[in-house]
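**Q** This is the content of structure12.txt (compact mmCIF, C-alpha atoms):
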```txt
# COMPACT_ATOMS: atom_id res chain seq x y z
CA MET A 1 111.96 -37.58 106.61
CA ALA A 2 109.05 -35.23 107.27
CA TYR A 3 106.57 -35.08 104.42
CA ASP A 4 104.04 -32.37 103.59
CA PHE A 5 101.30 -35.01 103.43
CA ASP A 6 100.74 -38.60 104.46
CA LEU A 7 98.73 -39.20 101.27
CA PHE A 8 98.67 -37.22 98.06
CA VAL A 9 95.90 -38.19 95.65
CA ILE A 10 96.12 -37.29 91.96
CA GLY A 11 92.59 -37.17 90.58
CA ALA A 12 89.33 -36.16 92.26
CA GLY A 13 87.11 -38.76 90.67
CA SER A 14 85.07 -41.33 92.55
CA GLY A 15 87.98 -43.50 93.69
CA GLY A 16 90.34 -40.67 94.54
CA VAL A 17 87.77 -38.73 96.54
CA ARG A 18 86.72 -41.85 98.46
CA ALA A 19 90.33 -42.68 99.36
CA ALA A 20 91.09 -39.09 100.35
CA ARG A 21 88.00 -38.57 102.50
CA PHE A 22 88.37 -41.76 104.47
CA ALA A 23 92.13 -41.44 104.86
CA ALA A 24 91.57 -37.98 106.32
CA GLY A 25 88.85 -39.40 108.55
CA PHE A 26 91.37 -41.95 109.82
CA GLY A 27 93.67 -39.13 110.86
CA ALA A 28 95.97 -38.83 107.85
CA LYS A 29 97.09 -35.51 106.38
CA VAL A 30 95.74 -35.64 102.82
CA ALA A 31 95.85 -33.56 99.64
CA VAL A 32 93.98 -34.02 96.37
CA ALA A 33 94.99 -32.45 93.07
CA GLU A 34 92.50 -32.15 90.20
CA SER A 35 92.99 -30.27 86.94
CA ARG A 36 89.56 -30.74 85.34
CA TYR A 37 86.39 -31.26 87.34
CA LEU A 38 85.48 -32.59 90.74
CA GLY A 39 83.78 -35.97 90.63
CA GLY A 40 85.70 -37.28 87.64
CA THR A 41 84.24 -38.97 84.58
CA CYS A 42 81.19 -40.44 86.32
CA VAL A 43 79.80 -37.17 87.64
CA ASN A 44 80.74 -34.94 84.71
CA VAL A 45 80.85 -36.90 81.45
CA GLY A 46 79.79 -40.41 82.45
CA CYS A 47 77.25 -42.26 84.54
CA VAL A 48 75.33 -39.32 86.00
CA PRO A 49 74.69 -37.10 82.95
CA LYS A 50 74.21 -40.19 80.80
CA LYS A 51 71.48 -41.49 83.11
CA LEU A 52 69.79 -38.09 83.04
CA LEU A 53 69.78 -38.20 79.23
CA VAL A 54 68.44 -41.76 79.34
CA TYR A 55 65.56 -40.54 81.51
CA GLY A 56 64.91 -37.83 78.95
CA ALA A 57 64.87 -40.29 76.07
CA HIS A 58 62.56 -42.64 77.99
CA VAL A 59 59.87 -39.96 78.23
CA ALA A 60 59.04 -40.73 74.60
CA ASP A 61 58.07 -44.27 75.67
CA GLU A 62 55.85 -42.95 78.43
CA LEU A 63 54.08 -40.62 76.01
CA GLU A 64 53.56 -43.47 73.55
CA GLN A 65 52.07 -45.68 76.26
CA ALA A 66 49.84 -42.99 77.74
CA ALA A 67 46.96 -43.48 75.29
CA GLY A 68 46.44 -47.04 76.48
CA PHE A 69 45.75 -45.70 79.96
CA GLY A 70 43.21 -43.17 78.79
CA TRP A 71 45.40 -40.11 78.44
CA THR A 72 44.95 -37.83 75.44
CA LEU A 73 48.04 -35.68 75.02
CA GLU A 74 48.85 -32.88 72.65
CA GLU A 75 51.78 -33.55 70.38
CA GLY A 76 54.92 -33.21 72.46
CA HIS A 77 57.94 -31.10 71.62
CA PHE A 78 61.44 -31.90 72.82
CA ASP A 79 64.02 -29.17 73.40
CA TRP A 80 67.61 -30.39 73.60
CA GLY A 81 68.87 -27.09 74.99
CA THR A 82 66.56 -27.28 78.00
CA LEU A 83 67.67 -30.83 78.84
CA ILE A 84 71.36 -29.95 78.59
CA ALA A 85 70.96 -26.75 80.63
CA ASN A 86 69.14 -28.64 83.39
CA LYS A 87 71.76 -31.40 83.25
CA ASN A 88 74.55 -28.84 83.57
CA ARG A 89 72.90 -27.28 86.61
CA GLU A 90 72.68 -30.66 88.32
CA ILE A 91 76.33 -31.46 87.55
CA GLU A 92 77.40 -28.11 89.00
CA ARG A 93 75.45 -28.96 92.16
CA LEU A 94 77.25 -32.30 92.39
CA ASN A 95 80.63 -30.62 91.83
CA GLY A 96 79.88 -28.47 94.86
CA ILE A 97 78.94 -31.52 96.92
CA TYR A 98 82.24 -33.21 96.05
CA ARG A 99 84.12 -30.05 97.01
CA ASN A 100 82.34 -29.92 100.37
CA LEU A 101 82.95 -33.62 100.99
CA LEU A 102 86.68 -33.08 100.60
CA VAL A 103 87.03 -29.78 102.41
CA ASN A 104 84.77 -30.78 105.30
CA SER A 105 86.85 -33.94 105.72
CA GLY A 106 89.97 -31.84 106.24
CA VAL A 107 91.47 -32.62 102.82
CA THR A 108 93.62 -29.98 101.12
CA LEU A 109 92.17 -29.44 97.64
CA LEU A 110 94.60 -28.26 94.96
CA GLN A 111 93.07 -27.33 91.62
CA GLY A 112 95.79 -27.75 89.05
CA HIS A 113 97.72 -30.34 87.04
CA ALA A 114 99.76 -32.70 89.20
CA ARG A 115 102.94 -34.25 87.83
CA LEU A 116 105.17 -36.75 89.57
CA THR A 117 108.73 -35.51 89.94
CA GLY A 118 109.91 -38.38 92.12
CA ALA A 119 108.74 -41.34 94.16
CA ASN A 120 107.57 -39.01 96.94
CA GLU A 121 107.28 -35.70 95.09
CA VAL A 122 104.50 -34.03 93.15
CA ASP A 123 104.53 -30.76 91.25
CA VAL A 124 101.21 -28.91 90.91
CA ASP A 125 101.53 -26.02 88.49
CA GLY A 126 105.01 -25.15 89.72
CA GLN A 127 104.45 -25.79 93.43
CA ARG A 128 106.31 -28.79 94.87
CA TYR A 129 104.78 -31.10 97.51
CA THR A 130 106.10 -34.22 99.21
CA ALA A 131 104.10 -37.19 100.45
CA GLU A 132 104.78 -40.52 102.10
CA HIS A 133 102.20 -42.16 99.84
CA ILE A 134 100.97 -41.03 96.42
CA LEU A 135 97.76 -42.42 94.92
CA ILE A 136 97.16 -42.17 91.18
CA ALA A 137 93.44 -42.08 90.38
CA THR A 138 93.39 -40.20 87.09
CA GLY A 139 90.83 -42.43 85.36
CA GLY A 140 90.40 -43.06 81.67
CA TRP A 141 89.86 -41.11 78.47
CA PRO A 142 87.92 -42.02 75.32
CA GLN A 143 89.97 -42.87 72.27
CA VAL A 144 89.14 -42.65 68.57
CA PRO A 145 90.93 -44.85 66.00
CA ASP A 146 93.58 -43.10 63.96
CA ILE A 147 91.67 -42.72 60.70
CA PRO A 148 91.51 -39.80 58.24
CA GLY A 149 88.98 -37.31 59.55
CA LYS A 150 89.07 -38.53 63.17
CA GLU A 151 89.01 -34.90 64.33
CA LEU A 152 85.48 -34.60 62.89
CA ALA A 153 84.14 -37.27 65.26
CA ILE A 154 83.03 -36.76 68.85
CA THR A 155 83.15 -38.95 71.95
CA SER A 156 81.11 -39.10 75.15
CA ASN A 157 83.16 -36.14 76.43
CA GLU A 158 81.68 -33.83 73.80
CA ALA A 159 78.25 -35.43 73.45
CA PHE A 160 77.02 -33.95 76.73
CA TYR A 161 77.72 -30.43 75.49
CA LEU A 162 76.36 -30.50 71.94
CA LYS A 163 74.60 -27.22 71.15
CA GLU A 164 71.74 -29.03 69.44
CA LEU A 165 70.51 -32.56 68.87
CA PRO A 166 71.87 -33.86 65.54
CA ARG A 167 69.23 -35.00 63.06
CA ARG A 168 71.31 -38.00 61.94
CA VAL A 169 73.85 -39.81 64.11
CA LEU A 170 76.31 -42.62 63.44
CA VAL A 171 77.34 -44.34 66.68
CA VAL A 172 80.49 -46.44 66.30
CA GLY A 173 81.27 -49.20 68.80
CA GLY A 174 79.91 -52.35 70.35
CA GLY A 175 80.31 -51.78 74.07
CA TYR A 176 77.80 -50.53 76.62
CA ILE A 177 78.59 -46.85 76.02
CA ALA A 178 77.83 -47.18 72.30
CA VAL A 179 74.58 -49.04 72.97
CA GLU A 180 73.47 -46.54 75.60
CA PHE A 181 74.14 -43.47 73.47
CA ALA A 182 72.49 -45.03 70.43
CA GLY A 183 69.37 -45.40 72.58
CA ILE A 184 69.66 -41.82 73.85
CA PHE A 185 70.01 -40.26 70.41
CA GLN A 186 67.25 -42.38 68.89
CA GLY A 187 64.91 -41.92 71.85
CA LEU A 188 65.25 -38.14 71.63
CA GLY A 189 64.38 -38.16 67.95
CA ALA A 190 67.59 -38.50 65.94
CA ALA A 191 67.81 -40.97 63.07
CA THR A 192 70.45 -43.26 64.55
CA THR A 193 72.68 -45.99 63.12
CA LEU A 194 74.90 -48.18 65.30
CA LEU A 195 77.97 -49.54 63.54
CA TYR A 196 80.04 -52.33 65.07
CA ARG A 197 82.93 -54.19 63.48
CA GLY A 198 81.98 -57.50 65.13
CA ASP A 199 79.13 -59.95 64.63
CA LEU A 200 77.13 -58.81 67.68
CA PHE A 201 77.55 -56.07 70.27
CA LEU A 202 78.19 -56.34 74.04
CA ARG A 203 80.92 -58.95 73.87
CA GLY A 204 81.34 -60.58 77.29
CA PHE A 205 77.65 -60.33 78.21
CA ASP A 206 75.40 -63.38 78.26
CA GLY A 207 74.52 -64.60 74.77
CA SER A 208 70.78 -64.60 75.45
CA VAL A 209 71.00 -61.00 76.66
CA ARG A 210 72.91 -59.86 73.57
CA THR A 211 70.51 -61.53 71.15
CA HIS A 212 67.41 -60.37 73.00
CA LEU A 213 68.56 -56.74 73.12
CA LYS A 214 69.38 -56.82 69.41
CA GLU A 215 65.83 -57.96 68.66
CA GLU A 216 64.27 -55.30 70.87
CA LEU A 217 66.39 -52.49 69.45
CA GLU A 218 65.44 -53.53 65.94
CA LYS A 219 61.76 -53.42 66.95
CA ARG A 220 62.33 -49.82 68.00
CA GLY A 221 63.71 -48.97 64.57
CA LEU A 222 67.35 -48.57 65.48
CA ASP A 223 69.53 -49.25 62.44
CA LEU A 224 72.03 -51.91 63.54
CA GLN A 225 74.91 -52.60 61.17
CA PHE A 226 77.30 -55.32 62.30
CA ASN A 227 80.58 -56.29 60.64
CA ALA A 228 80.84 -52.65 59.62
CA ASP A 229 83.62 -50.16 60.30
CA ILE A 230 84.55 -46.65 59.14
CA GLN A 231 87.62 -46.15 56.98
CA ARG A 232 87.52 -42.35 56.78
CA ILE A 233 85.34 -39.33 57.58
CA ASP A 234 84.97 -36.30 55.33
CA LYS A 235 83.10 -33.03 55.79
CA LEU A 236 80.74 -32.12 52.99
CA ASP A 237 79.99 -28.62 51.70
CA ASP A 238 76.67 -28.47 53.59
CA GLY A 239 78.43 -29.21 56.89
CA SER A 240 77.30 -32.82 57.13
CA LEU A 241 79.74 -35.72 57.49
CA LYS A 242 80.34 -38.55 55.05
CA ALA A 243 81.60 -41.79 56.54
CA THR A 244 83.22 -44.15 54.06
CA LEU A 245 83.07 -47.73 55.33
CA LYS A 246 85.74 -50.35 54.77
CA ASP A 247 83.33 -52.24 52.50
CA GLY A 248 83.06 -49.17 50.26
CA ARG A 249 79.62 -47.98 51.35
CA GLU A 250 79.07 -44.33 52.23
CA LEU A 251 76.83 -43.04 55.03
CA VAL A 252 75.98 -39.38 55.60
CA ALA A 253 75.19 -37.99 59.04
CA ASP A 254 75.36 -34.80 61.06
CA CYS A 255 77.32 -36.40 63.89
CA VAL A 256 79.73 -39.34 64.14
CA PHE A 257 80.00 -40.53 67.74
CA TYR A 258 82.82 -42.93 68.69
CA ALA A 259 82.62 -45.26 71.67
CA THR A 260 85.42 -47.66 70.78
CA GLY A 261 87.21 -47.93 74.08
CA ARG A 262 88.98 -45.87 76.70
CA ARG A 263 92.64 -45.58 77.62
CA PRO A 264 94.27 -44.89 81.00
CA MET A 265 94.76 -41.14 81.47
CA LEU A 266 98.54 -40.90 81.90
CA ASP A 267 99.27 -37.75 79.89
CA ASN A 268 102.07 -35.63 81.36
CA LEU A 269 101.83 -37.53 84.63
CA GLY A 270 105.62 -37.83 85.05
CA LEU A 271 105.73 -41.60 85.46
CA GLU A 272 109.18 -41.57 83.84
CA ASN A 273 110.46 -39.91 87.03
CA THR A 274 109.42 -42.89 89.14
CA GLY A 275 109.77 -46.66 89.12
CA VAL A 276 106.13 -47.14 88.08
CA GLU A 277 105.71 -49.72 85.33
CA LEU A 278 102.84 -50.22 82.89
CA ASP A 279 101.17 -53.34 81.57
CA ALA A 280 98.66 -53.95 78.80
CA ARG A 281 95.79 -52.54 80.88
CA GLY A 282 97.46 -49.46 82.37
CA ILE A 283 99.50 -48.97 85.54
CA ARG A 284 100.74 -52.28 86.90
CA VAL A 285 99.66 -52.91 90.50
CA ASP A 286 99.58 -55.85 92.88
CA ASP A 287 96.59 -57.10 94.86
CA GLN A 288 96.93 -54.15 97.25
CA TYR A 289 97.11 -51.53 94.44
CA GLN A 290 100.83 -51.03 95.01
CA THR A 291 102.75 -50.07 91.89
CA THR A 292 106.33 -51.12 91.20
CA ALA A 293 107.36 -47.95 93.07
CA PRO A 294 106.74 -48.77 96.78
CA SER A 295 105.43 -45.29 97.71
CA ILE A 296 102.99 -45.02 94.78
CA LEU A 297 99.60 -46.70 94.46
CA ALA A 298 96.95 -46.65 91.72
CA ILE A 299 93.23 -47.48 91.55
CA GLY A 300 90.24 -47.17 89.25
CA ASP A 301 90.16 -47.00 85.48
CA VAL A 302 93.85 -46.14 85.32
CA ILE A 303 94.70 -49.75 86.29
CA GLY A 304 92.18 -51.16 83.79
CA ARG A 305 90.65 -53.93 85.88
CA VAL A 306 86.88 -53.54 86.32
CA GLN A 307 86.07 -50.09 85.00
CA LEU A 308 82.99 -49.25 87.06
CA THR A 309 82.46 -46.39 89.50
CA PRO A 310 81.42 -48.59 92.48
CA VAL A 311 84.56 -50.67 91.95
CA ALA A 312 86.77 -47.56 92.08
CA LEU A 313 84.96 -46.55 95.28
CA ALA A 314 85.67 -49.95 96.81
CA GLU A 315 89.33 -49.78 95.76
CA GLY A 316 89.69 -46.29 97.22
CA MET A 317 88.21 -47.48 100.51
CA ALA A 318 90.55 -50.48 100.56
CA VAL A 319 93.62 -48.27 100.07
CA ALA A 320 92.58 -45.84 102.82
CA ARG A 321 91.93 -48.65 105.27
CA ARG A 322 95.12 -50.58 104.51
CA LEU A 323 97.32 -47.51 104.91
CA PHE A 324 95.67 -45.78 107.84
CA LYS A 325 93.19 -48.19 109.49
CA PRO A 326 94.61 -51.66 108.84
CA GLU A 327 92.38 -53.36 111.42
CA GLN A 328 89.41 -52.50 109.15
CA TYR A 329 91.08 -53.53 105.88
CA ARG A 330 89.23 -55.95 103.63
CA PRO A 331 90.32 -56.79 100.08
CA VAL A 332 87.95 -55.93 97.26
CA ASP A 333 85.91 -58.91 96.08
CA TYR A 334 85.68 -58.79 92.29
CA GLN A 335 83.30 -61.74 92.09
CA ASN A 336 79.59 -61.27 91.45
CA ILE A 337 79.72 -57.54 90.73
CA PRO A 338 76.22 -56.41 89.68
CA THR A 339 76.09 -54.06 86.73
CA ALA A 340 73.59 -52.41 84.43
CA VAL A 341 73.54 -51.16 80.87
CA PHE A 342 71.11 -48.27 80.47
CA SER A 343 70.08 -49.24 77.00
CA GLN A 344 66.42 -49.07 76.02
CA PRO A 345 65.31 -51.53 77.28
CA PRO A 346 67.99 -51.73 79.99
CA ILE A 347 70.13 -54.68 81.04
CA GLY A 348 70.86 -55.85 84.57
CA THR A 349 73.32 -58.65 85.21
CA VAL A 350 75.25 -60.27 88.05
CA GLY A 351 77.39 -63.40 88.23
CA LEU A 352 78.46 -65.76 85.48
CA THR A 353 77.06 -65.79 81.98
CA GLU A 354 75.98 -69.13 80.56
CA GLU A 355 79.12 -69.16 78.43
CA GLN A 356 81.42 -68.40 81.38
CA ALA A 357 79.79 -71.07 83.53
CA LEU A 358 80.30 -73.72 80.86
CA GLU A 359 83.87 -72.59 80.24
CA ALA A 360 84.56 -72.87 83.99
CA GLY A 361 83.45 -76.50 83.88
CA HIS A 362 80.05 -76.20 85.54
CA LYS A 363 77.25 -78.52 84.54
CA VAL A 364 74.47 -75.97 84.22
CA GLN A 365 70.73 -75.71 84.17
CA ILE A 366 69.29 -72.68 82.40
CA PHE A 367 66.00 -71.07 83.35
CA GLU A 368 64.73 -68.48 80.89
CA SER A 369 61.53 -66.50 80.66
CA ARG A 370 60.39 -64.02 78.01
CA PHE A 371 57.18 -62.12 78.55
CA ARG A 372 55.36 -58.91 77.73
CA ALA A 373 55.38 -56.62 80.75
CA MET A 374 52.02 -56.01 82.43
CA LYS A 375 52.29 -52.28 81.78
CA LEU A 376 52.32 -52.88 78.03
CA THR A 377 49.19 -55.06 77.90
CA LEU A 378 47.00 -51.97 77.51
CA THR A 379 49.13 -50.70 74.62
CA ASP A 380 50.12 -51.92 71.17
CA ILE A 381 53.79 -52.12 72.16
CA GLN A 382 55.21 -55.62 71.71
CA GLU A 383 58.44 -55.28 73.71
CA LYS A 384 59.45 -58.42 75.61
CA THR A 385 61.32 -58.70 78.89
CA LEU A 386 63.99 -61.40 79.30
CA MET A 387 64.93 -63.00 82.63
CA LYS A 388 67.50 -65.74 82.97
CA LEU A 389 69.09 -67.81 85.73
CA VAL A 390 72.27 -69.85 85.32
CA VAL A 391 72.32 -72.63 87.93
CA ASP A 392 74.95 -75.22 88.83
CA ALA A 393 73.15 -78.52 88.27
CA GLU A 394 75.22 -80.35 90.89
CA THR A 395 75.20 -77.85 93.79
CA ASP A 396 71.96 -76.00 92.93
CA LYS A 397 73.86 -72.73 93.45
CA VAL A 398 72.71 -69.80 91.34
CA LEU A 399 75.72 -68.74 89.31
CA GLY A 400 74.25 -65.87 87.32
CA CYS A 401 71.15 -63.68 86.97
CA HIS A 402 70.47 -61.72 83.79
CA MET A 403 67.64 -59.42 82.74
CA VAL A 404 66.66 -57.22 79.83
CA GLY A 405 63.65 -55.05 80.57
CA PRO A 406 62.32 -52.08 82.55
CA ASP A 407 64.06 -51.45 85.89
CA ALA A 408 66.59 -54.21 85.25
CA GLY A 409 69.34 -52.40 87.16
CA GLU A 410 67.10 -51.80 90.17
CA ILE A 411 66.03 -55.46 90.29
CA VAL A 412 69.49 -56.97 89.83
CA GLN A 413 70.96 -54.99 92.75
CA GLY A 414 68.97 -57.16 95.17
CA LEU A 415 69.91 -60.31 93.31
CA GLY A 416 73.55 -59.33 93.72
CA ILE A 417 73.15 -59.70 97.48
CA ALA A 418 71.63 -63.15 97.00
CA LEU A 419 74.51 -64.32 94.82
CA LYS A 420 77.08 -62.83 97.21
CA ALA A 421 75.42 -64.87 99.97
CA GLY A 422 75.62 -68.05 97.87
CA ALA A 423 71.89 -68.55 97.30
CA THR A 424 70.62 -71.75 95.70
CA LYS A 425 67.84 -72.19 93.19
CA GLN A 426 65.77 -73.87 95.92
CA GLN A 427 66.09 -70.72 98.04
CA PHE A 428 64.96 -68.65 95.06
CA ASP A 429 62.00 -71.00 94.62
CA GLU A 430 61.07 -70.79 98.31
CA THR A 431 61.13 -66.98 98.30
CA ILE A 432 57.64 -65.52 97.98
CA GLY A 433 57.32 -63.07 95.12
CA VAL A 434 56.03 -59.51 95.18
CA HIS A 435 52.88 -59.56 93.05
CA PRO A 436 52.23 -58.21 90.50
CA THR A 437 55.77 -57.27 89.52
CA ALA A 438 58.24 -58.31 86.87
CA ALA A 439 60.80 -59.06 89.60
CA GLU A 440 58.74 -61.98 90.94
CA GLU A 441 59.58 -63.91 87.77
CA PHE A 442 63.02 -64.56 89.23
CA VAL A 443 61.45 -66.62 92.03
CA THR A 444 58.74 -68.34 89.97
CA MET A 445 60.79 -69.85 87.13
CA ARG A 446 60.44 -73.59 87.65
CA THR A 447 61.05 -75.20 84.26
CA VAL A 448 64.54 -75.85 82.95
CA THR A 449 64.73 -74.49 79.42
CA ARG A 450 67.99 -76.30 78.66
```
Transcribe the structure of this file into structure tokens.
**A**
Amino acid sequence: MAYDFDLFVIGAGSGGVRAARFAAGFGAKVAVAESRYLGGTCVNVGCVPKKLLVYGAHVADELEQAAGFGWTLEEGHFDWGTLIANKNREIERLNGIYRNLLVNSGVTLLQGHARLTGANEVDVDGQRYTAEHILIATGGWPQVPDIPGKELAITSNEAFYLKELPRRVLVVGGGYIAVEFAGIFQGLGAATTLLYRGDLFLRGFDGSVRTHLKEELEKRGLDLQFNADIQRIDKLDDGSLKATLKDGRELVADCVFYATGRRPMLDNLGLENTGVELDARGIRVDDQYQTTAPSILAIGDVIGRVQLTPVALAEGMAVARRLFKPEQYRPVDYQNIPTAVFSQPPIGTVGLTEEQALEAGHKVQIFESRFRAMKLTLTDIQEKTLMKLVVDAETDKVLGCHMVGPDAGEIVQGLGIALKAGATKQQFDETIGVHPTAAEEFVTMRTVTR
């Protein structure tokens, strides 16, 4: 049978665009359908705009530190509208880049809602297309618990387009998105409370990292309320919102921001017309991203494995190579994936946490260092940086590197290469540090702390 396309990609986010571009570069006839925005969550309502807002919030720290270096500054004034307008302009620029990447690669770009009508058929706003392979890369969507007043809350989707900065914000959630946005709102001047139903946020991160960040956020004045959850939200006569907690307490704010998880974006996708099956995480796929329908594949957040943009990029590349350049195919390695949380201060981490290493049966040595960064010694700021190595006591292999402090994400990227290469603690010790930097602490920690 002759198909209209060799590969039809549903979703022009990071993973879908990567798969489409490289498949076209390998000689395949490719189409991409997108109904919202080019670049997906990351470019439009995720990593990129969030990082820009983090930069904006961090300016307050720079201004506070300036006096220690001899700078006398007039009282600063922050304008939310200017930041959002500049952010929007940058996102529009990136949308154009994604469009050019696709079109210049020879990909057919269809802007409309794609719906599966069969194992090899897709309908885009009434137009039918056939394809030998179909790739679902529709990503995820934030979800708010089904409580009375849920329509009064916002998520990360809406936060980037608020007309003005709320004076008082309740952030609900314990994951990295909640922690990051709590830092953004507080750093830009909003009175911010972070509510989490558990004992401590960032479940799954190293215990030392979680505790250290809690202490640093409290130093900054962020109101952390653990074992707390909202039962209902009501709008008051003055337009503010009243959150009634499950323990009976009432909190009033101008904005209630939910970051309590994301779901696979499967709305009106037409999966019922195919043999595609779901599991607890999303679309069920095998190790080669094949669904239970042989002609249909899925990658990225929609399969619910590791929900990170670089992982979706790697999965998209793997699909393109396996289908159209098999001699270059390499499976995605999900071990030792470096990641960062752009909290304030930020987290960088790669490899096993102390808890994971022990659970896996390793006999471990822990090296930890807490210190006040050199930049702060001329100021009154008492923030501490944390660095931690998890080492296998029997093989000397470094199992995990963790950091809380300025530039943590930048520093941990290099450590990710070391862990991927199987570096030992001796090799860390024999590496000469860059002085004076915070990063050199990772190669100068000599004393086992436990």
**Q** Would you list the contacts of segment 68-77 of chain A as a ChimeraX atom specification, taking every protein, DNA or RNA residue within 12 Å and counting all atoms listed in the file, but skipping same-chain residues closer than 6 positions in sequence?
**A** /A:59-62,188-189,375-381
**Q** Would you save the residues of that selection, restricted to C-alpha atoms, as a PDB file, keeping the file's coordinate frame?
**A**
```pdb
ATOM      1  CA  VAL A  59      59.870 -39.960  78.230  1.00  0.00           C
ATOM      2  CA  ALA A  60      59.040 -40.730  74.600  1.00  0.00           C
ATOM      3  CA  ASP A  61      58.070 -44.270  75.670  1.00  0.00           C
ATOM      4  CA  GLU A  62      55.850 -42.950  78.430  1.00  0.00           C
ATOM      5  CA  LEU A 188      65.250 -38.140  71.630  1.00  0.00           C
ATOM      6  CA  GLY A 189      64.380 -38.160  67.950  1.00  0.00           C
ATOM      7  CA  LYS A 375      52.290 -52.280  81.780  1.00  0.00           C
ATOM      8  CA  LEU A 376      52.320 -52.880  78.030  1.00  0.00           C
ATOM      9  CA  THR A 377      49.190 -55.060  77.900  1.00  0.00           C
ATOM     10  CA  LEU A 378      47.000 -51.970  77.510  1.00  0.00           C
ATOM     11  CA  THR A 379      49.130 -50.700  74.620  1.00  0.00           C
ATOM     12  CA  ASP A 380      50.120 -51.920  71.170  1.00  0.00           C
ATOM     13  CA  ILE A 381      53.790 -52.120  72.160  1.00  0.00           C
TER      14      ILE A 381
END
```
**Q** Can you work out the spacing between atom CA of Glu121 of chain A and atom CA of Leu38 of chain A in Å, to one decimal?
**A**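 So the two atoms, atom CA of Glu121 of chain A and atom CA of Leu38 of chain A, lie 22.4 Å apart.
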**Q** Env of Phe342 of chain A: 7 Å cut, atoms = all atoms listed in the file, seq-sep filter 3 positions within chain, self excluded. Answer as a list in words.
**A**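 These residues fall inside the cut-off: Glu180, Pro346 and Ile347 of chain A.
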**Q** Which of these residues is nearest to Phe185 of chain A, using only C-alpha atoms: A:His58, A:Arg305, A:Arg372, A:Arg99?
**A**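 Closest candidate: A:His58.
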**Q** May I ask which of the residues A:Glu355, A:Glu218, A:Glu277, A:Glu151 is the closest one to Asp206 of chain A, counting only C-alpha atoms?
**A**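 The closest residue to Asp206 of chain A is A:Glu355.
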**Q** Atom CA of Val32 of chain A to atom CA of Leu323 of chain A: how many Å, to one decimal?
**A**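 Taking atom CA of Val32 of chain A as the start and atom CA of Leu323 of chain A as the end point, the length is 16.3 Å.
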**Q** Using all atoms listed in the file, tabulate the residues of segment 352-407 of chain A lying at most 8 Å from any atom of segment 419-422 of chain A, each with its closest atom pair and that distance in Å to one decimal, by chain and increasing residue number, as CSV.
**A**
```
residue,atom,partner,partner_atom,distance
A:Lys397,CA,A:Gly422,CA,6.7
A:Val398,CA,A:Leu419,CA,6.7
A:Leu399,CA,A:Leu419,CA,7.2
A:Gly400,CA,A:Leu419,CA,7.7
```
**Q** Please report the interatomic distance between atom CA of Gly361 of chain A and atom CA of Tyr334 of chain A in Å with one decimal.
**A** 19.7 Å
**Q** Specify the axis-aligned box that encloses all atoms of segment 18-22 of chain A listed in the file after padding of 6 Å on each side, stating its centre and edge lengths in Å to one decimal as lines of an AutoDock Vina configuration file.
**A**
```
center_x = 88.9
center_y = -40.6
center_z = 101.5
size_x = 16.4
size_y = 16.1
size_z = 18.0
```
**Q** Within 9 Å of Pro166 of chain A, counting only C-alpha atoms, which residues show up once you throw out same-chain ones fewer than 4 positions away? Write them as a VMD selection string, please.
**A** chain A and resid 162 185 189 to 191 253 to 255
**Q** Quick one: everything within 12 Å of Leu278 of chain A, counting all atoms listed in the file, minus sequence neighbours fewer than 2 positions away in the same chain. Send it as a list of chain:residue names.
**A**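 These residues fall inside the cut-off: A:Pro264, A:Leu266, A:Leu271, A:Glu272, A:Thr274, A:Gly275, A:Val276, A:Ala280, A:Arg281, A:Gly282, A:Ile283, A:Arg284, A:Val285, A:Asp286, A:Thr291, A:Thr292, A:Ala293, A:Ala298, A:Val302, A:Ile303, A:Gly304.
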**Q** Output the selection as a short mmCIF file (atom, residue, chain, number, x, y, z; two decimals), in the frame of the given file - C-alpha atoms for each residue.
**A**
```
data_model
loop_
_atom_site.label_atom_id
_atom_site.label_comp_id
_atom_site.auth_asym_id
_atom_site.auth_seq_id
_atom_site.Cartn_x
_atom_site.Cartn_y
_atom_site.Cartn_z
CA PRO A 264 94.27 -44.89 81.00
CA LEU A 266 98.54 -40.90 81.90
CA LEU A 271 105.73 -41.60 85.46
CA GLU A 272 109.18 -41.57 83.84
CA THR A 274 109.42 -42.89 89.14
CA GLY A 275 109.77 -46.66 89.12
CA VAL A 276 106.13 -47.14 88.08
CA ALA A 280 98.66 -53.95 78.80
CA ARG A 281 95.79 -52.54 80.88
CA GLY A 282 97.46 -49.46 82.37
CA ILE A 283 99.50 -48.97 85.54
CA ARG A 284 100.74 -52.28 86.90
CA VAL A 285 99.66 -52.91 90.50
CA ASP A 286 99.58 -55.85 92.88
CA THR A 291 102.75 -50.07 91.89
CA THR A 292 106.33 -51.12 91.20
CA ALA A 293 107.36 -47.95 93.07
CA ALA A 298 96.95 -46.65 91.72
CA VAL A 302 93.85 -46.14 85.32
CA ILE A 303 94.70 -49.75 86.29
CA GLY A 304 92.18 -51.16 83.79
#
```
**Q** Find, counting only C-alpha atoms, the residue in A:Asp223, A:Asp229, A:Glu383, A:Asp123 that gets nearest to Ile10 of chain A.
**A** A:Asp123
**Q** Find the residue from A:Tyr3, A:Phe22, A:Phe8, A:Tyr196 that sits nearest to Leu135 of chain A; use all atoms listed in the file when measuring.
**A**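 Among the listed residues, A:Phe8 lies closest to Leu135 of chain A.
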**Q** I'd like the neighbourhood of Arg249 of chain A as a PyMOL selection string, where a residue qualifies if any of its atoms comes within 10 Å (using all atoms listed in the file), though same-chain residues fewer than 6 positions away should be ignored.
**A** chain A and resi 228+230-231+243
